[in-house]
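File shown: start-v7.tsv. Contents: TSV, C-alpha atoms.
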```tsv
chain	number	residue	atom	x	y	z
A	19	GLU	CA	115.97	127.51	116.24
A	20	ALA	CA	113.87	125.18	114.12
A	21	GLN	CA	116.15	123.43	111.70
A	22	VAL	CA	117.30	120.34	109.87
A	23	THR	CA	120.93	119.49	110.57
A	24	GLN	CA	123.03	117.35	108.28
A	25	ASN	CA	126.51	115.98	108.86
A	26	PRO	CA	129.03	115.93	107.41
A	27	ARG	CA	128.68	118.97	105.17
A	28	TYR	CA	131.57	117.83	103.00
A	29	LEU	CA	133.07	114.39	102.55
A	30	ILE	CA	135.57	112.84	100.17
A	31	THR	CA	135.73	109.07	100.30
A	32	VAL	CA	136.78	106.12	98.20
A	33	THR	CA	134.78	103.50	96.38
A	34	GLY	CA	133.42	100.80	98.66
A	35	LYS	CA	134.01	102.49	102.00
A	36	LYS	CA	130.72	102.53	103.90
A	37	LEU	CA	129.52	105.91	105.05
A	38	THR	CA	126.55	107.45	106.81
A	39	VAL	CA	125.18	110.94	106.39
A	40	THR	CA	123.19	111.93	109.43
A	41	CYS	CA	120.06	114.07	109.44
A	42	SER	CA	118.31	115.42	112.50
A	43	GLN	CA	115.32	117.75	112.87
A	44	ASN	CA	114.07	119.48	116.00
A	45	MET	CA	110.55	120.32	114.83
A	46	ASN	CA	108.81	117.05	115.70
A	47	HIS	CA	108.02	116.48	112.01
A	48	GLU	CA	106.62	113.12	111.01
A	49	TYR	CA	107.78	113.20	107.40
A	50	MET	CA	111.42	113.17	106.38
A	51	SER	CA	113.04	112.71	103.02
A	52	TRP	CA	116.42	112.51	101.28
A	53	TYR	CA	117.15	114.11	97.92
A	54	ARG	CA	120.16	114.27	95.70
A	55	GLN	CA	120.89	117.26	93.53
A	56	ASP	CA	122.80	116.85	90.30
A	57	PRO	CA	123.46	119.42	87.55
A	58	GLY	CA	120.70	119.46	84.96
A	59	LEU	CA	118.58	116.98	86.90
A	60	GLY	CA	117.21	119.08	89.73
A	61	LEU	CA	116.36	117.30	92.97
A	62	ARG	CA	115.49	113.63	92.94
A	63	GLN	CA	114.06	111.79	95.89
A	64	ILE	CA	116.06	108.87	97.26
A	65	TYR	CA	113.99	107.66	100.23
A	66	TYR	CA	111.31	109.06	102.44
A	67	SER	CA	109.75	108.27	105.77
A	68	MET	CA	106.19	109.02	106.80
A	69	ASN	CA	106.91	108.31	110.47
A	70	VAL	CA	109.02	106.21	112.83
A	71	GLU	CA	109.76	102.75	111.39
A	72	VAL	CA	107.98	103.66	108.12
A	73	THR	CA	110.27	104.18	105.14
A	74	ASP	CA	109.83	103.83	101.41
A	75	LYS	CA	111.75	104.21	98.19
A	76	GLY	CA	111.75	107.36	96.18
A	77	ASP	CA	112.79	107.75	92.58
A	78	VAL	CA	116.47	106.82	92.88
A	79	PRO	CA	116.93	104.44	95.84
A	80	GLU	CA	119.58	102.13	94.36
A	81	GLY	CA	122.76	102.03	96.40
A	82	TYR	CA	121.23	103.67	99.47
A	83	LYS	CA	119.65	102.58	102.72
A	84	VAL	CA	117.83	104.51	105.41
A	85	SER	CA	116.42	103.90	108.85
A	86	ARG	CA	113.96	105.75	111.05
A	87	LYS	CA	114.28	104.48	114.59
A	88	GLU	CA	113.54	107.83	116.17
A	89	LYS	CA	111.32	110.63	114.98
A	90	ARG	CA	114.07	113.23	114.86
A	91	ASN	CA	116.73	111.22	112.98
A	92	PHE	CA	116.83	109.87	109.43
A	93	PRO	CA	120.32	108.74	108.44
A	94	LEU	CA	121.29	107.96	104.86
A	95	ILE	CA	123.59	104.99	104.49
A	96	LEU	CA	125.82	104.22	101.53
A	97	GLU	CA	126.95	100.64	102.11
A	98	SER	CA	129.40	100.56	99.19
A	99	PRO	CA	129.70	104.01	97.62
A	100	SER	CA	130.49	104.33	93.95
A	101	PRO	CA	131.59	107.37	91.92
A	102	ASN	CA	128.08	107.81	90.47
A	103	GLN	CA	126.93	108.66	93.98
A	104	THR	CA	129.05	111.78	93.95
A	105	SER	CA	126.42	114.42	94.51
A	106	LEU	CA	124.94	117.06	96.77
A	107	TYR	CA	122.53	115.51	99.24
A	108	PHE	CA	119.68	117.21	101.06
A	109	CYS	CA	117.56	116.05	103.93
A	110	ALA	CA	114.16	117.65	104.42
A	111	SER	CA	111.18	117.38	106.75
A	112	THR	CA	107.60	118.54	107.13
A	113	PRO	CA	104.61	117.80	109.37
A	114	SER	CA	102.48	115.02	107.94
A	115	GLY	CA	99.36	117.15	108.14
A	116	THR	CA	100.70	119.47	105.46
A	117	LEU	CA	101.13	116.51	103.13
A	118	ARG	CA	97.43	115.76	103.25
A	119	SER	CA	96.53	119.38	102.58
A	120	GLY	CA	98.92	119.62	99.66
A	121	ALA	CA	100.63	122.61	101.20
A	122	ASN	CA	103.66	120.57	102.14
A	123	VAL	CA	106.41	123.11	102.62
A	124	LEU	CA	109.63	121.26	103.25
A	125	THR	CA	112.34	122.47	105.60
A	126	PHE	CA	115.71	121.59	104.11
A	127	GLY	CA	119.08	121.00	105.64
A	128	ALA	CA	122.10	122.90	104.33
A	129	GLY	CA	123.28	119.97	102.24
A	130	SER	CA	126.09	117.41	102.27
A	131	ARG	CA	128.49	117.39	99.37
A	132	LEU	CA	129.83	113.90	98.82
A	133	THR	CA	132.67	112.95	96.50
A	134	VAL	CA	133.40	109.30	95.85
A	135	LEU	CA	136.78	108.63	94.22
B	12	GLY	CA	102.44	111.61	85.63
B	13	ASN	CA	103.68	114.63	87.49
B	14	SER	CA	106.51	116.76	86.17
B	15	VAL	CA	107.82	120.29	86.13
B	16	THR	CA	109.64	122.00	83.29
B	17	GLN	CA	111.40	125.24	83.94
B	18	MET	CA	113.43	127.65	81.95
B	19	GLU	CA	117.01	126.68	81.28
B	20	GLY	CA	119.64	128.87	82.80
B	21	PRO	CA	121.83	130.47	83.64
B	22	VAL	CA	120.19	133.87	83.62
B	23	THR	CA	122.29	136.99	84.06
B	24	LEU	CA	120.62	140.34	84.66
B	25	SER	CA	121.69	143.79	85.65
B	26	GLU	CA	120.48	145.19	88.93
B	27	GLU	CA	116.93	146.64	88.72
B	28	ALA	CA	116.08	144.60	85.62
B	29	PHE	CA	112.80	142.71	85.30
B	30	LEU	CA	112.94	138.97	85.94
B	31	THR	CA	110.82	136.19	84.53
B	32	ILE	CA	111.60	132.52	85.04
B	33	ASN	CA	109.17	130.27	83.21
B	34	CYS	CA	107.70	127.15	84.76
B	35	THR	CA	105.12	124.79	83.31
B	36	TYR	CA	103.79	121.63	84.84
B	37	THR	CA	102.04	118.37	84.16
B	38	ALA	CA	99.94	116.85	86.91
B	39	THR	CA	97.47	114.01	87.17
B	40	GLY	CA	95.51	115.55	90.01
B	41	TYR	CA	95.17	118.92	91.70
B	42	PRO	CA	98.62	120.20	92.42
B	43	SER	CA	99.95	122.83	94.72
B	44	LEU	CA	102.77	124.83	93.18
B	45	PHE	CA	105.90	126.22	94.78
B	46	TRP	CA	108.99	128.23	94.11
B	47	TYR	CA	111.99	127.36	96.24
B	48	VAL	CA	115.22	129.36	96.30
B	49	GLN	CA	118.72	128.08	97.04
B	50	TYR	CA	121.28	130.69	98.01
B	51	PRO	CA	124.96	129.78	97.63
B	52	GLY	CA	126.04	127.16	100.14
B	53	GLU	CA	122.60	126.74	101.63
B	54	GLY	CA	119.65	124.39	101.44
B	55	LEU	CA	116.46	125.17	99.62
B	56	GLN	CA	113.91	127.41	101.25
B	57	LEU	CA	110.39	128.23	100.27
B	58	LEU	CA	110.01	131.47	98.36
B	59	LEU	CA	106.28	131.36	97.61
B	60	LYS	CA	103.43	128.98	96.95
B	61	ALA	CA	99.93	128.72	95.49
B	62	THR	CA	97.53	125.92	96.30
B	63	LYS	CA	94.75	126.41	93.74
B	64	ALA	CA	94.07	127.88	90.33
B	65	ASP	CA	94.28	131.69	90.03
B	66	ASP	CA	96.04	132.00	93.39
B	67	LYS	CA	98.97	134.40	93.41
B	68	GLY	CA	101.90	133.68	95.66
B	69	SER	CA	104.18	136.54	96.61
B	70	ASN	CA	107.18	137.15	98.82
B	71	LYS	CA	110.19	139.50	98.86
B	72	GLY	CA	108.95	141.24	95.71
B	73	PHE	CA	108.61	137.97	93.79
B	74	GLU	CA	105.24	136.86	92.42
B	75	ALA	CA	103.83	133.86	90.63
B	76	THR	CA	100.25	133.14	89.54
B	77	TYR	CA	98.84	129.64	89.29
B	78	ARG	CA	97.43	129.42	85.74
B	79	LYS	CA	95.50	126.23	85.22
B	80	GLU	CA	94.57	127.03	81.62
B	81	THR	CA	98.21	127.29	80.59
B	82	THR	CA	99.54	124.92	83.31
B	83	SER	CA	102.08	127.54	84.28
B	84	PHE	CA	103.52	129.17	87.38
B	85	HIS	CA	106.01	131.72	86.10
B	86	LEU	CA	108.16	133.59	88.61
B	87	GLU	CA	108.46	137.36	88.23
B	88	LYS	CA	110.13	140.25	89.97
B	89	GLY	CA	109.99	143.83	88.84
B	90	SER	CA	113.44	144.93	89.96
B	91	VAL	CA	116.09	142.41	90.91
B	92	GLN	CA	118.92	143.02	93.34
B	93	VAL	CA	122.37	141.50	93.64
B	94	SER	CA	121.13	139.65	96.72
B	95	ASP	CA	118.61	137.77	94.55
B	96	SER	CA	121.44	135.82	92.94
B	97	ALA	CA	120.56	132.19	93.62
B	98	VAL	CA	119.16	129.04	92.06
B	99	TYR	CA	115.38	128.96	91.74
B	100	PHE	CA	113.38	125.74	91.66
B	101	CYS	CA	109.79	125.34	90.60
B	102	ALA	CA	108.01	122.41	92.23
B	103	LEU	CA	104.62	120.78	92.54
B	104	SER	CA	102.89	118.43	94.92
B	105	ASP	CA	99.79	116.47	94.08
B	106	ARG	CA	97.33	116.03	96.92
B	107	ARG	CA	95.41	113.33	95.12
B	108	THR	CA	98.40	111.00	95.06
B	109	GLY	CA	99.10	111.48	98.74
B	110	ALA	CA	101.70	114.10	98.04
B	111	ASN	CA	104.59	112.34	99.73
B	112	ASN	CA	106.86	114.01	97.28
B	113	LEU	CA	107.61	117.30	95.68
B	114	PHE	CA	108.40	117.14	91.97
B	115	PHE	CA	111.14	119.63	91.22
B	116	GLY	CA	112.23	121.32	88.06
B	117	THR	CA	115.91	121.34	87.15
B	118	GLY	CA	116.55	124.75	88.66
B	119	THR	CA	117.47	128.10	87.09
B	120	ARG	CA	120.57	129.91	88.22
B	121	LEU	CA	120.15	133.68	88.40
B	122	THR	CA	123.11	136.02	88.63
B	123	VAL	CA	122.46	139.72	89.16
B	124	ILE	CA	125.34	142.05	88.41
B	125	PRO	CA	125.66	145.57	89.83
```
What does this structure look like when you write it as structure tokens?
Amino acid sequence: EAQVTQNPRYLITVTGKKLTVTCSQNMNHEYMSWYRQDPGLGLRQIYYSMNVEVTDKGDVPEGYKVSRKEKRNFPLILESPSPNQTSLYFCASTPSGTLRSGANVLTFGAGSRLTVL
Amino acid sequence: GNSVTQMEGPVTLSEEAFLTINCTYTATGYPSLFWYVQYPGEGLQLLLKATKADDKGSNKGFEATYRKETTSFHLEKGSVQVSDSAVYFCALSDRRTGANNLFFGTGTRLTVIP
């Protein structure tokens, strides 16, 4: 089944304890992206990647890191989490060709709910 | 710049009622427009899309028409069901800017009661 898989789905952690949220897609998509969803703010892009070894900042990159060493994986790293990073995180992917056409339909993971105490 | 403004929620309707969720947009180029739906505990999934002016997207009884003159893409359904309870997001992508990103509205939560 074509899908985007995120782990963990739920995590409670403490301020300053490094964590990684993994994202993997099995559709051979070039483009991958991380979003955070907060009440009243919709989805905001954190980082995106156009292909392997190509990453760039989105709208709210502060406090996050990413890497894209393989096409299928795009982990989100919180080096020193803080309470304002408590949020629902989504990973998404799409073929790069759809970006150029404007018909870029993203496939989303099920989400990772992170709480930082 | 690019932005999407959608109707504040939450919206509560009785089963078989008519649904409208308003969405207006601002874009610097030639956007494609989307409605995504998020069912409880799940990620977003595409509901429908329209890539140029006057296009109508439709799926599962939902419809939205791309209106360039009013910069709108309102979501409608003639008769909602309990299973339509979800959060609905309007979004746009702008091909002229390379469209690396979708610009999302804040989401509208719909609850349909029997």
Can you work out which one of B:Gln17, B:Thr81, B:Ser96, B:Ser90 has the shortest atom-to-atom distance to chain A, counting all atoms listed in the file?
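Smallest separation from chain A among the options: B:Gln17.
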So that I can see what lies close to Gln92 of chain B, please list as a short mmCIF file (atom, residue, chain, number, x, y, z; two decimals) with C-alpha atoms, in the coordinates of the input the residues with an atom at most 12 Å from it, counting only C-alpha atoms and leaving out residues fewer than 2 positions away in the same chain.
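As written to disk, around-v8.cif reads:
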```
data_model
loop_
_atom_site.label_atom_id
_atom_site.label_comp_id
_atom_site.auth_asym_id
_atom_site.auth_seq_id
_atom_site.Cartn_x
_atom_site.Cartn_y
_atom_site.Cartn_z
CA THR B 23 122.29 136.99 84.06
CA LEU B 24 120.62 140.34 84.66
CA SER B 25 121.69 143.79 85.65
CA GLU B 26 120.48 145.19 88.93
CA GLU B 27 116.93 146.64 88.72
CA ALA B 28 116.08 144.60 85.62
CA PHE B 29 112.80 142.71 85.30
CA LEU B 30 112.94 138.97 85.94
CA LYS B 71 110.19 139.50 98.86
CA GLY B 72 108.95 141.24 95.71
CA PHE B 73 108.61 137.97 93.79
CA LYS B 88 110.13 140.25 89.97
CA GLY B 89 109.99 143.83 88.84
CA SER B 90 113.44 144.93 89.96
CA SER B 94 121.13 139.65 96.72
CA ASP B 95 118.61 137.77 94.55
CA SER B 96 121.44 135.82 92.94
CA ALA B 97 120.56 132.19 93.62
CA LEU B 121 120.15 133.68 88.40
CA THR B 122 123.11 136.02 88.63
CA VAL B 123 122.46 139.72 89.16
CA ILE B 124 125.34 142.05 88.41
CA PRO B 125 125.66 145.57 89.83
#
```
For Arg78 of chain B, please output as an NGL selection string all residues within 9 Å (counting only C-alpha atoms; exclusion window: fewer than 2 positions along the same chain).
:B and (63-66 or 76 or 80-85)
Find the residues in chain A near chain B: any atom within 6 Å counts, using only C-alpha atoms. Write them as a ChimeraX atom specification.
/A:58-61,117,120,126-129
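Interatomic distance, atom CA of Leu135 of chain A against atom CA of Leu106 of chain A: 14.8 Å.
Distance annotation: of B:Asn13, B:Val48, B:Pro21, B:Ala38, the residue with the minimal separation from Leu86 of chain B is B:Val48; atom set is all atoms listed in the file.
Across the structure, atom CA of Ile64 of chain A and atom CA of Ser85 of chain A are spaced 12.6 Å apart.
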Can you work out which one of B:Val93, B:Gly12, B:Arg120, B:Lys67 has the shortest atom-to-atom distance to Thr39 of chain B, counting only C-alpha atoms?
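So, comparing all the options, the nearest one is B:Gly12.
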Using Å and a single decimal, report how far atom CA of Val84 of chain A sits from atom CA of Leu29 of chain A.
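The value is 18.4 Å.
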Residue with smallest distance to Val70 of chain A - pool A:Lys89, A:Asp56, A:Lys83, A:Glu19, counting only C-alpha atoms:
A:Lys89
